[in-house]
Structure formats: structure tokens, C-alpha cells
Amino acid sequence: MRLDQRLIAEMVKPGTRVLDVGSGDGALIGHLFRERQCDARGIEINMREVTRSVAHGLPVVHGDADNDLVHYPDGAFDYVVLQRTLQAVERPREVLRQMLRIGRHAIVSFPNFGHWRLRLQLLLTGRMPMTSVWSTPWYETPNVHPCTIRDFLALCEEEGYTVLQWMAVDEDGSRAPWRRSVRLANLFGEQALFLLGRR
Amino acid sequence: MNSTASFDPGKHTSVTFPEGLDLECGVHLAPLEVAYRTYGTLSEKRDNAIVICHALTGDQYVAESHPLTGKPGWWARMVGPGCPIDTDRFFVICPNVLGGCMGSTGPRSVRSDGKGNGSECWGTDFPPITVRDMVRAQHSLVKHLGIERLFAVVGGSMGGMQALEWAVTYPHMMLAVLPLATSPFHSAQNIAFNEVGRQSVFADPDWHGGRYWEYGKVPARGLAVARMMAHITYLSEEALTRKFGRRVRRGQLASQAPETSLSMFSDIFEVESYLRYQGSSFVNRFDANSYLTITRAMDWFDLAAEHEGDLSAAFAGTPVRFCVVSFSSDWLFPTSVSRQLVNALNRVAANVSFVEIESDKGHDAFLLDEPDFDRTVRGFLCGVAEHAGLA
């Protein structure tokens, strides 16, 4: 399991109901079931990963964040998780709304477009920045909605979500030290992780 | 051609329920006989039983050679020691459906409504049955075997309809249900294909209004055509092309054809030869009235009907874990229909897994060698056992 998934798992109270949107190989839901006794389920867009997860006994359905969250009833889960995917969905605001409709909490991680290396590259070269986190060229990137940590906070404010917990995360998924200052986190954090609640 | 008539139905293992069954149509059917086969051993806690529901033309001989045809069990690659449905671990029960012709009460059973001469069979007077009636007959069998709760109910195609009906009718009687290559309702297209098959049987002069046995006949041509047509719907265009292409079997009938006929029909395409074989072998093992009765039961199947068209209401509050599987080239029960089922299950926050297996083999893929499918079934069952603390 990736280090940032470990950080997500620590946000989840044991014995709760969790939906992982974009569950990939199922590492997080497998961990939440076995180590934290959660009723953890997944939605995954890649059929190969779905088959692999189900073959490992994990309850995963084929589907995606944009189209399939609408089917779930209000408050069906304690946590709805979206890992490193918000920037790639069609309608990020609508996905967040759905997450906080069907879940009491939303756990969201995304790569931070406000990182200094990106800012500097754009400033100095005048070209779309490319880093190890943002590694695909503009014409074929699936990341159609990049945002910064401050952008995300502004959206939460606008939508009326409570930020219960947030942290910057570095490239390999460890917690980064920029906790006190949003400005510093936005400059030096490669990724961000948020625990949101409804107001 | 008439070997069905000579086969002794008493050879099938079965249990008779003198009290019978109240059918959905209002008829009380008694006695009720349910033929079945079991594999593996029931655990001391009686918690390892899996019911396998067979498809339209299947039967209870899921994992052993068939007493009529001598062919291997229809799902021998899925069910058996060490197989995905592992009989070293699970106790597998496979009943013959109500209305079938392999020992369970059906149109070929002696009629029990007081009409007729006491030894006459039902024929077309057999009451109309539903998928729920089939499941309720299976439920009687499961109770008879002393099982309070099943580990799982598994079925493909019409067997999947029964599996879903199990979940709806007896939601607390099983941990898991696996509806495979199936649908929560029979679509207009499904009904249309069934109707062509039935009309083909009716059009056979040997049909004799359904009382063919009185004339020592079976409507073999009509039933064979019905099977040939249905068989096309079980395959895909890719599968037909891959297996047969446009290859021709030269001059098989040439000697019989008049010299002037220029082999209009004496040279036949391999796909024709294959379908003819499928048709003729089918009539040796299947009863035409059973075919009519069961296809009609499928046509009536619609789980949402009792809930003003709201499929999810049929599953409200279900504790069952579902594993829905579709196959990419199945156009008889397409993935889009499985997705409707999954969405309905999600609407009531049911625990559901859903996989579409990439395959070019069409609807029949669920019976064929698909390693991803095997892994899915095996893994899902292990997961259910782990969740239930039975691993």
C-alpha cells in the first residue's frame, strides 16, 4: 500500500462504511477491511483492476466517479474516498457534491498544481510544466482539471464543506511538514490530502 | 430420435413432496417432485451449501457425465474438486427446474389434477409456471436437505434469473448470490426469440397440438429449429466467424441430390452443419413441452413488476453479497442490462461486485474457458467466506 493510502487509512474510524472511488488494485479497501474491520467497497474504471480486486475477494464494481455515484442513496457511507483522481474527473465540483451526499465525510487527495517547480517552469520556459507528478504532456494528459491547494480550499468554502483535517503530502506519499501555513503548503506540497465534512 | 421416450425417469435422484406447491398462477401442484444432484460434503455446521441453478436447457448433471448423452457435466470446468466452485470445500446442490424434463415435475409427469385416465401426462395442460415457482420448489429441496442457510446461490442465464429470484424471495437464506450473464427481466428481444422458437415447435406436424406422445412422435424438426435459432443467440458474430468462417463442407449430400440440382443445398456451410447437429442432438434429450413451459416462465420474469417498475425496491435492505458478471460479446443478456441491475443494487447500498469479462464467445462464454471469469468466481467466494468468518 502506498504511503499516502496509509495516511488515508488513519483518517478512517474502525468499523465504518467506506466507498473508495477509483479503488485501483483494491489495496486500500483490502487494508480497511482486514485491519480496521470496515465495510469497504470500491468503484474502479479499469476493468483489469476490477477483475483483480474481485478475484481477491474485494467488493468492487466497474464504474466511474462522474457517472456512477448518482446511483447510491444519501448517507450510505461514513467515508467516500477519492485518491489522486479529482483532477481527472469531468466535473470535480459535482463529484464532490455526490461524495458528500452519499458519505458523511469525503477524503480527497490530489496533486497540487501550485507547487513551486510548476510555477517556476511555467514562468521561466513559458511551456506547460512537466514534473514527475505531472508527467504527461498537455495534449494527452487525463488531468483536465488541475488545481492548487488554495483553489481547493476556496471551492470547499464556496460549497460549504468543513475541512476537518488537511495535510500536504510529498511525492512518495509521506506527510510533508507544511501544516501551519496554507501558503507554504501550496508552494512546497506536491500533493494534498483533505478530510471534509458537511456543514 | 426417440431415446427420451425410452429413458426411465425413475433413474434420476429426486425427492417427492406430497404436500406439493401453490403455484403463482393459483394452481396447487401436488405431489411435487424435485430431481437433483449433490457434490461434495455438507459440513457439520451445514454452512457450506451452494445451490447451482441451471439454464433453460441445462439440468442437474452439472459436474458429472450425463446419463442420457454421456457428455461431461455442463459446468464440469467450474464445479468439482479444486475447481472455482470447489467441491472439496463446498456442498453443491443442483436441482432440475420445475417444468423440466430430467425428473422434476413437469409437462411429462403424470397429471395430478384428476383429469385424464390416471396415467396420462400433463403435456400442454401443465400449469404455467414462473421463475419464482422454480425457486420455491428448490427451496423445498434445500429445507428437505436440512439446510437453514445457504452459502451461495449461483446461476448463469436463466439460472441467474433464479439466483436473483432467490435473493428477492429468500433474502436471509444465503450469504451471497452470483447472477452471471443474466438479467433482472426478460427483454422484448428475449421474448421475441423465445416466441420464434415456440412457433417453430407449433408448426411441426408431429406436434399434434402438444399431445405428440399419443402418436408416438416428438416434434423433432420444430424443436430442432427452435434450438438452432436459439443457439445463434448464444454465440457472437466473432465466435461464429472464428469457428466456421465461410468454410463449406463439400458434397455431403451430393449423392442424394438429383443430378440437375447443381448442389444448391448439397454443399453446406460448416456453420449450417454445426447448427443442424446442435438441433438434432438437442431433441434427443429435451422434451418439447418442457421447452415451451420454461421459455414462457422466462418471458414472465421481471423482478421490478411487483414494485411499479422500481427494480431497486425488490432488493431493499438486502443483506446478500452480490457478484454480477457479464461478458463483453453477450448480446442476449448484454452488459448494459447487468449494469442496470448493479445500479439498482447500488441504489439500496447493497454489497455488490460487478465485472464485465472480456470475451468474444458471446452469451455461452459463461460455460466456456475464461480464466478471468474463473478467478472472479473463486475469489469472490473466498471473500464471502472471509467476511463471514468461515475462511
# chains A, B, ... in the order shown; residues from 1 in each chain; ligands from 1
$ residues_around --residues "segment 1-8 of chain A" --least-positions-apart "5" --cutoff "7 Å" --atoms "only C-alpha atoms" --output "ChimeraX atom specification"
/A:27-28,172-174
$ residues_around --residues "Gly22 of chain A" --least-positions-apart "3" --cutoff "7 Å" --atoms "only C-alpha atoms" --output "short mmCIF file (atom, residue, chain, number, x, y, z; two decimals) with C-alpha atoms, in the first residue's frame"
data_model
loop_
_atom_site.label_atom_id
_atom_site.label_comp_id
_atom_site.auth_asym_id
_atom_site.auth_seq_id
_atom_site.Cartn_x
_atom_site.Cartn_y
_atom_site.Cartn_z
CA GLY A 42 -14.72 0.13 -4.36
CA ILE A 43 -15.59 1.61 -7.73
CA GLU A 44 -12.94 1.31 -10.41
CA ILE A 45 -12.88 2.34 -14.06
CA LEU A 82 -11.21 9.82 -3.97
CA GLN A 83 -7.47 9.27 -4.35
#
$ interface_residues --of "chain A" --to "chain B" --cutoff "8 Å" --atoms "only C-alpha atoms" --output "list in words"
Arg41, Met47, Val50, Thr51, Arg52, Val54, Ala55, His56, Gly57, Leu58, Pro59, Val60, Val61, His62, Asp68, His71, Tyr72, Pro73 and Ala76 of chain A
$ write_last_selection --atoms "N, CA and C atoms" --output "PDB file, in the first residue's frame"
ATOM      1  N   ARG A  41     -15.825  -0.821   0.219  1.00  0.00           N
ATOM      2  CA  ARG A  41     -16.144  -1.212  -1.149  1.00  0.00           C
ATOM      3  C   ARG A  41     -15.467  -0.277  -2.144  1.00  0.00           C
ATOM      4  N   MET A  47     -11.177  -2.153 -15.967  1.00  0.00           N
ATOM      5  CA  MET A  47     -11.772  -3.476 -15.763  1.00  0.00           C
ATOM      6  C   MET A  47     -10.762  -4.512 -15.269  1.00  0.00           C
ATOM      7  N   VAL A  50     -10.579  -4.131 -11.682  1.00  0.00           N
ATOM      8  CA  VAL A  50     -11.824  -4.600 -11.059  1.00  0.00           C
ATOM      9  C   VAL A  50     -11.775  -6.116 -10.912  1.00  0.00           C
ATOM     10  N   THR A  51     -11.426  -6.786 -12.016  1.00  0.00           N
ATOM     11  CA  THR A  51     -11.380  -8.245 -12.000  1.00  0.00           C
ATOM     12  C   THR A  51     -10.379  -8.728 -10.957  1.00  0.00           C
ATOM     13  N   ARG A  52      -9.215  -8.060 -10.926  1.00  0.00           N
ATOM     14  CA  ARG A  52      -8.190  -8.456  -9.965  1.00  0.00           C
ATOM     15  C   ARG A  52      -8.696  -8.286  -8.523  1.00  0.00           C
ATOM     16  N   VAL A  54     -11.904  -8.197  -7.419  1.00  0.00           N
ATOM     17  CA  VAL A  54     -12.965  -9.160  -7.084  1.00  0.00           C
ATOM     18  C   VAL A  54     -12.354 -10.550  -6.895  1.00  0.00           C
ATOM     19  N   ALA A  55     -11.360 -10.867  -7.722  1.00  0.00           N
ATOM     20  CA  ALA A  55     -10.687 -12.165  -7.583  1.00  0.00           C
ATOM     21  C   ALA A  55      -9.922 -12.263  -6.265  1.00  0.00           C
ATOM     22  N   HIS A  56      -9.688 -11.113  -5.630  1.00  0.00           N
ATOM     23  CA  HIS A  56      -9.100 -11.134  -4.290  1.00  0.00           C
ATOM     24  C   HIS A  56     -10.172 -11.011  -3.207  1.00  0.00           C
ATOM     25  N   GLY A  57     -11.413 -11.200  -3.598  1.00  0.00           N
ATOM     26  CA  GLY A  57     -12.488 -11.224  -2.611  1.00  0.00           C
ATOM     27  C   GLY A  57     -12.971  -9.855  -2.182  1.00  0.00           C
ATOM     28  N   LEU A  58     -12.592  -8.813  -2.936  1.00  0.00           N
ATOM     29  CA  LEU A  58     -12.986  -7.452  -2.542  1.00  0.00           C
ATOM     30  C   LEU A  58     -14.207  -7.006  -3.333  1.00  0.00           C
ATOM     31  N   PRO A  59     -15.176  -6.358  -2.651  1.00  0.00           N
ATOM     32  CA  PRO A  59     -16.386  -5.921  -3.361  1.00  0.00           C
ATOM     33  C   PRO A  59     -16.142  -4.659  -4.175  1.00  0.00           C
ATOM     34  N   VAL A  60     -15.903  -4.838  -5.458  1.00  0.00           N
ATOM     35  CA  VAL A  60     -15.618  -3.710  -6.347  1.00  0.00           C
ATOM     36  C   VAL A  60     -16.546  -3.788  -7.556  1.00  0.00           C
ATOM     37  N   VAL A  61     -17.096  -2.642  -7.956  1.00  0.00           N
ATOM     38  CA  VAL A  61     -17.903  -2.603  -9.171  1.00  0.00           C
ATOM     39  C   VAL A  61     -17.181  -1.781 -10.231  1.00  0.00           C
ATOM     40  N   HIS A  62     -17.434  -2.133 -11.481  1.00  0.00           N
ATOM     41  CA  HIS A  62     -16.894  -1.335 -12.572  1.00  0.00           C
ATOM     42  C   HIS A  62     -17.729  -0.074 -12.704  1.00  0.00           C
ATOM     43  N   ASP A  68     -21.327   7.226 -11.867  1.00  0.00           N
ATOM     44  CA  ASP A  68     -21.931   6.153 -11.081  1.00  0.00           C
ATOM     45  C   ASP A  68     -22.216   6.471  -9.616  1.00  0.00           C
ATOM     46  N   HIS A  71     -26.046   6.813  -8.330  1.00  0.00           N
ATOM     47  CA  HIS A  71     -26.936   5.696  -8.030  1.00  0.00           C
ATOM     48  C   HIS A  71     -27.032   5.389  -6.542  1.00  0.00           C
ATOM     49  N   TYR A  72     -26.057   5.837  -5.771  1.00  0.00           N
ATOM     50  CA  TYR A  72     -26.043   5.467  -4.349  1.00  0.00           C
ATOM     51  C   TYR A  72     -26.986   6.363  -3.551  1.00  0.00           C
ATOM     52  N   PRO A  73     -27.599   5.792  -2.507  1.00  0.00           N
ATOM     53  CA  PRO A  73     -28.532   6.593  -1.705  1.00  0.00           C
ATOM     54  C   PRO A  73     -27.794   7.566  -0.771  1.00  0.00           C
ATOM     55  N   ALA A  76     -25.163   6.704   2.560  1.00  0.00           N
ATOM     56  CA  ALA A  76     -24.935   5.257   2.568  1.00  0.00           C
ATOM     57  C   ALA A  76     -23.584   4.892   3.180  1.00  0.00           C
TER      58      ALA A  76
END
$ select_by_dssp --residues "segment 5-166 of chain B" --states "alpha helix (DSSP H)" --output "list in words"
Ala5, Ser6, Val131, Arg132, Asp133, Met134, Val135, Arg136, Ala137, Gln138, His139, Ser140, Leu141, Val142, Lys143, His144, Met158, Gly159, Gly160, Met161, Gln162, Ala163, Leu164, Glu165 and Trp166 of chain B
$ select_by_dssp --residues "segment 95-203 of chain B" --states "strand (DSSP E or B)" --output "PyMOL selection string"
chain B and resi 95+110+121+150-156+174-180+185
$ atom_distance --atom1 "atom CA of Gly209 of chain B" --atom2 "atom CA of Ser187 of chain B"
27.7 Å
$ residues_around --residues "Met99 of chain A" --least-positions-apart "3" --cutoff "10 Å" --atoms "only C-alpha atoms" --output "PyMOL selection string"
chain A and resi 19+21+65+69-70+72+74-75+77+79-82+93-96+102-108+196
$ residues_around --residues "Arg111 of chain B" --least-positions-apart "4" --cutoff "9 Å" --atoms "only C-alpha atoms" --output "list in words"
Pro107, Lys115, Gly116, Gly118, Ser119, Glu120, Cys121, Trp122, Gly123, Asp125 and Phe126 of chain B
$ atom_distance --atom1 "atom CA of Gly126 of chain A" --atom2 "atom CA of Leu193 of chain A"
28.9 Å
$ closest_atom_pairs --of "segment 310-375 of chain B" --to "segment 156-172 of chain B" --cutoff "7 Å" --atoms "only C-alpha atoms" --output "CSV"
residue,atom,partner,partner_atom,distance
B:Ala314,CA,B:Val168,CA,6.2
B:Phe315,CA,B:Val168,CA,6.1
B:Thr318,CA,B:Pro171,CA,6.1
B:Pro319,CA,B:Pro171,CA,6.9
B:Val320,CA,B:Pro171,CA,6.6
B:Phe366,CA,B:Gly156,CA,6.9
$ atom_distance --atom1 "atom CA of Leu141 of chain B" --atom2 "atom CA of Gly155 of chain B"
16.8 Å
$ residues_around --residues "segment 18-20 of chain B" --least-positions-apart "3" --cutoff "9 Å" --atoms "only C-alpha atoms" --output "list in words"
His28, Leu29, Ala30, Pro31, Leu32, Glu33 and Ala137 of chain B
$ residues_around --residues "Pro14 of chain A" --least-positions-apart "6" --cutoff "10 Å" --atoms "only C-alpha atoms" --output "PyMOL selection string"
chain A and resi 32-33+35-39
